[in-house]
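The file target.tsv comes next; it holds TSV, C-alpha atoms.
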```
chain	number	residue	atom	x	y	z
A	1	MET	CA	18.43	14.02	-17.37
A	2	PRO	CA	14.79	13.19	-18.27
A	3	ARG	CA	12.41	12.24	-15.49
A	4	ILE	CA	12.41	8.44	-15.15
A	5	VAL	CA	9.18	8.25	-13.13
A	6	PRO	CA	6.54	9.87	-15.38
A	7	VAL	CA	3.62	12.12	-14.44
A	8	LEU	CA	0.18	10.96	-15.62
A	9	ASP	CA	-2.98	13.06	-15.45
A	10	LEU	CA	-6.02	10.94	-14.55
A	11	SER	CA	-8.43	13.60	-15.79
A	12	ARG	CA	-7.38	12.61	-19.34
A	13	PHE	CA	-9.26	9.36	-18.80
A	14	GLU	CA	-12.55	11.31	-18.98
A	15	GLN	CA	-11.64	13.76	-21.79
A	16	GLY	CA	-12.99	12.00	-24.86
A	17	ALA	CA	-12.07	8.91	-26.87
A	18	SER	CA	-8.81	10.17	-28.39
A	19	GLU	CA	-7.40	11.53	-25.12
A	20	ARG	CA	-8.52	8.37	-23.29
A	21	ARG	CA	-6.62	6.17	-25.78
A	22	THR	CA	-3.37	8.11	-25.33
A	23	PHE	CA	-3.78	8.10	-21.55
A	24	LEU	CA	-4.29	4.33	-21.51
A	25	ALA	CA	-1.20	3.85	-23.68
A	26	ASP	CA	0.84	6.06	-21.34
A	27	LEU	CA	-0.53	4.20	-18.31
A	28	ARG	CA	0.37	0.82	-19.80
A	29	SER	CA	3.86	2.01	-20.72
A	30	ALA	CA	4.64	3.53	-17.31
A	31	SER	CA	3.33	0.47	-15.49
A	32	ARG	CA	5.30	-1.93	-17.64
A	33	ASP	CA	8.58	-0.02	-17.87
A	34	ILE	CA	9.02	1.02	-14.24
A	35	GLY	CA	5.85	0.23	-12.29
A	36	PHE	CA	5.74	3.69	-10.69
A	37	PHE	CA	4.24	7.00	-11.74
A	38	TYR	CA	3.07	10.32	-10.31
A	39	LEU	CA	-0.68	10.84	-10.56
A	40	ALA	CA	-2.08	14.32	-11.18
A	41	GLY	CA	-5.69	15.16	-12.00
A	42	HIS	CA	-6.95	12.69	-9.40
A	43	GLY	CA	-9.64	15.03	-8.06
A	44	ILE	CA	-8.49	15.15	-4.44
A	45	SER	CA	-8.24	18.79	-3.42
A	46	TRP	CA	-5.26	20.55	-1.90
A	47	ALA	CA	-7.42	21.19	1.19
A	48	ASP	CA	-8.00	17.45	1.60
A	49	ILE	CA	-4.29	16.76	1.20
A	50	SER	CA	-3.41	19.41	3.78
A	51	GLU	CA	-6.00	18.07	6.21
A	52	VAL	CA	-4.66	14.53	6.26
A	53	LEU	CA	-1.03	15.65	6.54
A	54	THR	CA	-1.90	18.04	9.38
A	55	ALA	CA	-3.87	15.34	11.20
A	56	SER	CA	-0.93	12.96	10.81
A	57	ARG	CA	1.54	15.46	12.30
A	58	ARG	CA	-0.81	16.07	15.23
A	59	PHE	CA	-0.99	12.36	15.94
A	60	PHE	CA	2.78	11.93	15.98
A	61	ALA	CA	3.09	15.00	18.25
A	62	LEU	CA	0.96	13.29	20.94
A	63	ALA	CA	2.55	12.16	24.16
A	64	GLU	CA	4.07	8.70	23.90
A	65	ALA	CA	1.57	7.33	26.42
A	66	ASP	CA	-1.34	8.42	24.20
A	67	LYS	CA	0.15	6.63	21.20
A	68	LEU	CA	1.08	3.50	23.13
A	69	ALA	CA	-2.50	3.27	24.43
A	70	ILE	CA	-3.40	2.09	20.91
A	71	GLU	CA	-0.24	0.08	20.25
A	72	MET	CA	-0.64	-2.53	17.50
A	73	VAL	CA	0.21	-5.39	19.84
A	74	ARG	CA	-3.25	-4.88	21.39
A	75	SER	CA	-4.96	-5.70	18.07
A	76	SER	CA	-5.28	-9.12	16.44
A	77	GLN	CA	-6.17	-7.21	13.23
A	78	PHE	CA	-2.70	-5.60	13.06
A	79	ARG	CA	-4.23	-2.14	13.53
A	80	GLY	CA	-2.75	0.60	15.67
A	81	TYR	CA	0.50	2.33	16.54
A	82	THR	CA	4.01	0.97	15.99
A	83	ARG	CA	7.10	2.65	17.41
A	84	ALA	CA	10.14	3.34	15.21
A	85	GLY	CA	12.01	0.09	14.78
A	86	GLY	CA	8.94	-1.98	15.63
A	87	GLU	CA	8.22	-3.28	12.12
A	88	LEU	CA	10.55	-5.51	10.12
A	89	THR	CA	11.29	-5.78	6.42
A	90	LYS	CA	13.16	-9.00	5.62
A	91	GLY	CA	14.06	-9.32	9.28
A	92	LYS	CA	15.59	-5.84	9.65
A	93	ALA	CA	14.03	-2.96	11.60
A	94	ASP	CA	12.34	-0.12	9.71
A	95	TRP	CA	13.03	3.26	11.31
A	96	ARG	CA	9.61	4.84	11.16
A	97	GLU	CA	6.70	5.23	13.55
A	98	GLN	CA	3.27	4.64	12.12
A	99	LEU	CA	-0.43	4.12	12.65
A	100	ASP	CA	-2.12	1.35	10.64
A	101	ILE	CA	-5.84	1.41	9.93
A	102	GLY	CA	-8.02	-0.81	7.77
A	103	VAL	CA	-11.65	-1.07	6.81
A	104	GLU	CA	-13.99	-0.66	9.78
A	105	ARG	CA	-15.91	-3.95	9.98
A	106	PRO	CA	-17.16	-6.16	12.85
A	107	PRO	CA	-14.87	-9.07	13.78
A	108	ILE	CA	-15.74	-12.54	12.49
A	109	ALA	CA	-16.71	-15.10	15.13
A	110	GLN	CA	-14.04	-17.80	15.36
A	111	GLY	CA	-14.56	-21.55	15.60
A	112	PRO	CA	-13.70	-24.91	14.01
A	113	GLY	CA	-13.20	-24.67	10.27
A	114	ILE	CA	-12.98	-20.86	10.20
A	115	PRO	CA	-9.84	-19.78	8.26
A	116	ALA	CA	-7.19	-18.07	10.38
A	117	TRP	CA	-7.10	-15.05	8.06
A	118	THR	CA	-10.65	-14.11	9.12
A	119	ARG	CA	-9.09	-12.77	12.33
A	120	LEU	CA	-7.79	-9.88	10.21
A	121	GLN	CA	-11.30	-8.39	9.96
A	122	GLY	CA	-12.33	-6.08	12.75
A	123	PRO	CA	-12.15	-2.57	14.18
A	124	ASN	CA	-9.42	0.03	14.16
A	125	GLN	CA	-7.85	1.62	17.21
A	126	TRP	CA	-8.18	5.39	17.57
A	127	PRO	CA	-6.48	7.80	20.00
A	128	THR	CA	-8.85	9.31	22.55
A	129	ALA	CA	-6.53	12.33	22.80
A	130	LEU	CA	-7.12	13.25	19.13
A	131	PRO	CA	-10.78	12.58	18.23
A	132	GLU	CA	-10.53	14.47	14.93
A	133	LEU	CA	-8.08	11.88	13.58
A	134	LYS	CA	-10.72	9.21	12.88
A	135	PRO	CA	-12.93	11.31	10.55
A	136	ALA	CA	-9.87	12.74	8.78
A	137	LEU	CA	-8.35	9.34	8.03
A	138	LEU	CA	-11.63	7.64	7.11
A	139	ALA	CA	-12.39	10.52	4.73
A	140	TRP	CA	-8.97	10.09	3.11
A	141	GLN	CA	-9.53	6.35	2.89
A	142	ALA	CA	-12.80	6.93	1.00
A	143	LYS	CA	-11.21	9.41	-1.41
A	144	ALA	CA	-8.23	7.15	-2.09
A	145	THR	CA	-10.54	4.19	-2.66
A	146	ALA	CA	-12.46	6.10	-5.33
A	147	VAL	CA	-9.22	7.02	-7.12
A	148	ALA	CA	-7.94	3.44	-6.93
A	149	ILE	CA	-11.14	2.06	-8.45
A	150	ARG	CA	-10.97	4.57	-11.32
A	151	LEU	CA	-7.38	3.51	-11.94
A	152	LEU	CA	-8.21	-0.20	-11.88
A	153	LYS	CA	-10.86	0.36	-14.55
A	154	ALA	CA	-8.26	2.21	-16.60
A	155	PHE	CA	-5.77	-0.61	-16.14
A	156	ALA	CA	-8.35	-3.15	-17.32
A	157	LEU	CA	-9.01	-1.14	-20.48
A	158	SER	CA	-5.28	-0.61	-21.07
A	159	LEU	CA	-4.89	-4.42	-21.16
A	160	ASP	CA	-7.79	-4.75	-23.64
A	161	GLN	CA	-10.09	-6.18	-20.96
A	162	PRO	CA	-13.64	-5.16	-20.03
A	163	GLU	CA	-13.65	-2.09	-17.81
A	164	ASP	CA	-15.15	-4.09	-14.94
A	165	ALA	CA	-12.69	-7.02	-15.24
A	166	PHE	CA	-11.36	-6.56	-11.70
A	167	ASP	CA	-14.67	-5.70	-10.04
A	168	PRO	CA	-15.52	-9.20	-8.73
A	169	ILE	CA	-12.15	-9.40	-6.95
A	170	TYR	CA	-12.72	-6.39	-4.71
A	171	ARG	CA	-16.47	-5.68	-4.91
A	172	ASP	CA	-18.33	-5.43	-1.55
A	173	GLU	CA	-15.39	-6.28	0.73
A	174	PRO	CA	-12.05	-4.98	-0.59
A	175	ASN	CA	-9.12	-5.44	1.76
A	176	HIS	CA	-7.65	-1.98	1.67
A	177	ARG	CA	-5.58	-0.47	4.42
A	178	MET	CA	-3.52	2.64	5.00
A	179	LYS	CA	-0.87	4.06	7.25
A	180	ILE	CA	0.21	7.43	8.44
A	181	VAL	CA	3.98	7.36	8.80
A	182	ARG	CA	6.66	9.53	10.38
A	183	TYR	CA	10.31	8.99	9.49
A	184	PRO	CA	12.53	10.66	12.11
A	185	GLY	CA	15.79	12.32	11.14
A	186	ARG	CA	18.93	10.24	11.07
A	187	GLU	CA	20.13	11.47	14.46
A	188	ALA	CA	17.18	9.64	16.05
A	189	THR	CA	17.43	6.32	14.19
A	190	GLY	CA	19.47	3.16	14.27
A	191	GLY	CA	20.38	3.35	10.60
A	192	ASP	CA	19.35	4.62	7.18
A	193	GLN	CA	16.57	2.05	6.56
A	194	GLY	CA	13.34	3.96	6.74
A	195	VAL	CA	11.71	0.99	5.01
A	196	GLY	CA	13.72	-1.84	3.53
A	197	ALA	CA	13.56	-2.86	-0.12
A	198	HIS	CA	10.30	-4.65	-0.93
A	199	LYS	CA	7.36	-4.99	-3.31
A	200	ASP	CA	3.77	-4.21	-2.35
A	201	GLY	CA	1.42	-7.17	-2.35
A	202	GLY	CA	-1.93	-5.66	-3.35
A	203	PHE	CA	-3.36	-4.18	-6.54
A	204	LEU	CA	-2.20	-0.58	-6.26
A	205	THR	CA	-0.51	1.68	-3.75
A	206	LEU	CA	-1.38	5.38	-3.68
A	207	LEU	CA	1.17	7.38	-1.71
A	208	LEU	CA	0.87	10.92	-0.43
A	209	GLN	CA	4.24	12.49	0.44
A	210	ASP	CA	5.03	15.69	2.28
A	211	ASP	CA	7.80	17.96	0.97
A	212	ASN	CA	10.72	15.76	2.04
A	213	LYS	CA	12.62	13.19	0.01
A	214	GLY	CA	13.33	9.56	0.81
A	215	LEU	CA	11.37	7.27	-1.53
A	216	GLN	CA	13.50	5.39	-4.06
A	217	VAL	CA	12.65	2.83	-6.75
A	218	ASP	CA	14.91	0.15	-8.21
A	219	TYR	CA	15.27	0.87	-11.93
A	220	ASP	CA	17.54	-1.51	-13.84
A	221	GLY	CA	19.66	-2.13	-10.76
A	222	SER	CA	20.02	1.51	-9.67
A	223	TRP	CA	18.09	3.43	-7.02
A	224	VAL	CA	16.12	6.32	-8.50
A	225	ASP	CA	14.69	9.08	-6.31
A	226	VAL	CA	10.92	9.64	-6.40
A	227	ASP	CA	10.98	13.15	-4.98
A	228	PRO	CA	7.71	14.86	-3.99
A	229	ILE	CA	5.74	16.81	-6.60
A	230	PRO	CA	3.13	18.96	-4.82
A	231	GLY	CA	-0.48	17.92	-5.38
A	232	THR	CA	0.35	14.53	-6.87
A	233	LEU	CA	0.09	11.00	-5.54
A	234	VAL	CA	2.74	8.39	-6.27
A	235	VAL	CA	1.21	5.19	-7.64
A	236	ASN	CA	2.95	1.84	-7.82
A	237	ILE	CA	1.86	-1.56	-9.08
A	238	GLY	CA	1.32	-4.34	-6.55
A	239	GLU	CA	2.01	-8.04	-6.99
A	240	LEU	CA	-1.66	-8.85	-7.64
A	241	LEU	CA	-1.65	-6.80	-10.85
A	242	GLU	CA	1.70	-8.27	-11.82
A	243	LEU	CA	0.33	-11.77	-11.34
A	244	ALA	CA	-2.99	-11.12	-13.08
A	245	SER	CA	-1.16	-9.74	-16.13
A	246	ASN	CA	1.38	-12.61	-16.15
A	247	GLY	CA	4.12	-10.10	-15.50
A	248	TYR	CA	3.16	-7.66	-18.25
A	249	LEU	CA	2.68	-5.03	-15.56
A	250	ARG	CA	5.56	-4.59	-13.15
A	251	ALA	CA	5.58	-4.67	-9.36
A	252	THR	CA	8.81	-2.85	-8.61
A	253	VAL	CA	11.14	-3.07	-5.62
A	254	HIS	CA	11.30	0.19	-3.68
A	255	ARG	CA	12.54	1.53	-0.34
A	256	VAL	CA	12.61	4.63	1.84
A	257	VAL	CA	15.87	6.13	3.06
A	258	THR	CA	15.92	7.81	6.47
A	259	PRO	CA	15.87	11.64	6.23
A	260	PRO	CA	18.97	13.66	7.13
A	261	ALA	CA	19.50	14.79	10.70
A	262	GLY	CA	17.05	17.48	11.81
A	263	ILE	CA	14.38	16.56	9.21
A	264	GLU	CA	11.30	14.39	9.60
A	265	ARG	CA	9.26	13.00	6.73
A	266	ILE	CA	5.50	12.35	6.77
A	267	SER	CA	3.81	10.05	4.28
A	268	VAL	CA	0.37	8.47	3.89
A	269	PRO	CA	0.42	5.21	1.91
A	270	PHE	CA	-2.90	3.63	0.89
A	271	PHE	CA	-2.90	-0.02	-0.22
A	272	PHE	CA	-5.83	-1.17	-2.34
A	273	SER	CA	-6.19	-4.93	-2.58
A	274	ALA	CA	-8.54	-7.83	-3.24
A	275	ARG	CA	-11.06	-9.38	-0.91
A	276	LEU	CA	-9.34	-11.76	1.45
A	277	ASP	CA	-11.36	-14.67	0.05
A	278	ALA	CA	-10.61	-13.82	-3.58
A	279	THR	CA	-8.91	-15.90	-6.25
A	280	ILE	CA	-6.90	-13.80	-8.68
A	281	PRO	CA	-7.58	-14.50	-12.38
A	282	LEU	CA	-4.89	-14.82	-15.02
A	283	LEU	CA	-6.10	-12.42	-17.69
A	284	GLU	CA	-6.21	-13.51	-21.31
A	285	LEU	CA	-4.20	-10.74	-22.92
A	286	PRO	CA	-4.35	-10.01	-26.65
A	287	ASP	CA	-1.54	-11.71	-28.58
A	288	GLU	CA	0.55	-8.54	-28.91
A	289	LEU	CA	0.58	-7.92	-25.16
A	290	ALA	CA	0.83	-11.61	-24.22
A	291	ALA	CA	4.02	-11.87	-26.27
A	292	GLN	CA	5.57	-9.13	-24.12
A	293	ALA	CA	4.48	-10.57	-20.75
A	294	ARG	CA	7.56	-11.64	-18.84
A	295	GLY	CA	5.89	-13.85	-16.26
A	296	PRO	CA	5.60	-12.73	-12.64
A	297	ALA	CA	8.81	-12.03	-10.76
A	298	SER	CA	7.04	-12.25	-7.40
A	299	ASP	CA	8.28	-13.86	-4.20
A	300	PRO	CA	7.94	-17.65	-4.74
A	301	HIS	CA	6.93	-17.99	-1.09
A	302	ASN	CA	3.97	-15.66	-1.64
A	303	PRO	CA	1.60	-17.50	-4.03
A	304	LEU	CA	-1.02	-14.76	-4.18
A	305	PHE	CA	-3.13	-16.29	-6.95
A	306	ARG	CA	-4.92	-18.39	-4.33
A	307	ASP	CA	-5.49	-17.97	-0.62
A	308	VAL	CA	-5.09	-14.20	-0.68
A	309	GLY	CA	-6.14	-13.94	2.97
A	310	THR	CA	-3.69	-16.61	4.10
A	311	ASN	CA	-0.78	-14.91	2.37
A	312	VAL	CA	-1.73	-11.48	3.70
A	313	LEU	CA	-1.77	-12.99	7.19
A	314	LYS	CA	1.65	-14.62	6.68
A	315	SER	CA	3.08	-11.28	5.60
A	316	ARG	CA	1.74	-9.58	8.73
A	317	LEU	CA	3.11	-12.32	10.98
A	318	ARG	CA	6.58	-11.85	9.51
A	319	SER	CA	6.59	-8.07	9.78
A	320	HIS	CA	5.08	-7.82	13.27
A	321	PRO	CA	6.42	-10.72	15.37
A	322	ASP	CA	5.22	-9.13	18.64
A	323	VAL	CA	1.60	-9.16	17.43
A	324	ALA	CA	2.11	-12.68	16.08
A	325	ARG	CA	3.28	-14.05	19.42
A	326	ARG	CA	0.40	-12.48	21.35
A	327	HIS	CA	-2.53	-13.21	19.02
A	328	TYR	CA	-1.39	-16.00	16.70
A	329	ALA	CA	0.78	-18.25	18.87
A	330	ASP	CA	-1.24	-21.27	17.74
A	331	LEU	CA	0.00	-20.74	14.17
A	332	LEU	CA	3.70	-20.31	14.99
A	333	GLU	CA	6.52	-22.78	15.23
A	334	PRO	CA	7.55	-23.41	18.88
A	335	GLU	CA	10.80	-21.46	18.62
A	336	THR	CA	9.01	-18.49	17.02
A	337	ARG	CA	6.19	-18.65	19.54
A	338	ALA	CA	8.70	-18.27	22.37
A	339	GLY	CA	10.34	-15.28	20.69
```
Will you turn the file into structure tokens for me?
Amino acid sequence: MPRIVPVLDLSRFEQGASERRTFLADLRSASRDIGFFYLAGHGISWADISEVLTASRRFFALAEADKLAIEMVRSSQFRGYTRAGGELTKGKADWREQLDIGVERPPIAQGPGIPAWTRLQGPNQWPTALPELKPALLAWQAKATAVAIRLLKAFALSLDQPEDAFDPIYRDEPNHRMKIVRYPGREATGGDQGVGAHKDGGFLTLLLQDDNKGLQVDYDGSWVDVDPIPGTLVVNIGELLELASNGYLRATVHRVVTPPAGIERISVPFFFSARLDATIPLLELPDELAAQARGPASDPHNPLFRDVGTNVLKSRLRSHPDVARRHYADLLEPETRAG
């Protein structure tokens, strides 16, 4: 059976006009047909990949007290550690433990007229028991950001737009974030939902997997495995690109299945998105592409064209109700506020 999720080599984007044209056509096809692809030729070395995976395993091997010292509930920015079962997708627990980090920026002073989403800006939490984790993850964040920006320029060109078409949406203050994630084996979980079926809300997700399976993508109503290929990243389209292209590009539902008993899975997803104060443009596609645009199939309760920051905040409040009750009780309905 042919591989459904294709492998694209980003180095082709810089190999001359003819090779660039075929790469852009392949990129457009993969992103329209399935919304997922493996990315080779991204320029991140095997040593860098090994470093971030090793640092992730060392974090999850820490004593529980060291991890809980930076528990997410302590952060109004939704940064920090979450125990397995502590995050929800569509109201159901995801069986993974994870550390969320975002862009290191000073918090925004709050007061009358300041949008609630501004509370999302601020510092990360780092474990004192593992000081080498911070430089390792921030270095990975910088490398992934550079790859994501190269890809966005390629996407713009593939849609017959100026190469810098997306620059104003993320320039200066992009809202990217990342996680390191550990999926415990099935003997240690409450079910097979590592992460429930969902779409990603940003521009692009760049995922680093270890050697273990679990990621699946919904392709024409069937779940297709996206098994690890060493040295590659898995890229998927987020809802912002789907919206901006009027559904020409495809944000695809995906999930992670809990590993078998006795196996743990480590992954490092990086989510590249717009500034929280951005408005997403509807691109004017050439007639040939516009005729094939299907319109966005995004969540109708997540109108990401406007109020990006507000909708990002709403998503966080739904997925982390413990953080919501502690730091955002003023925004919640009374019954939700009480828990």
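Using only C-alpha atoms, the smallest distance between any of A:Ile263, A:Ile180, A:Ile34, A:Val73 and Leu137 of chain A comes from A:Ile180.
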Give the answer as one residue: which of A:Gly247, A:Gly262, A:Pro107, A:Pro135 has the shortest atom-to-atom distance to Val52 of chain A, using all atoms listed in the file? A:Pro135
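Residues in contact range of segment 3-7 of chain A, defined as at most 9 Å between all atoms listed in the file, with sequence neighbours fewer than 4 positions away removed, read Ala30, Ile34, Gly35, Phe36, Phe37, Tyr38, Leu39, Ala40, Tyr219, Val224, Asp225, Val226 and Thr232 of chain A.
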Which of A:Tyr170, A:Glu163, A:Leu24, A:Asn124 sits closest to Arg74 of chain A [using all atoms listed in the file]: A:Asn124
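When all atoms listed in the file are used to measure the gap to Asp48 of chain A, the shortest distance among A:Arg105, A:Arg182, A:Lys199, A:Lys143 belongs to A:Lys143.
Here atom CA of Ile70 of chain A stands at a distance of 6.7 Å from atom CA of Trp126 of chain A.
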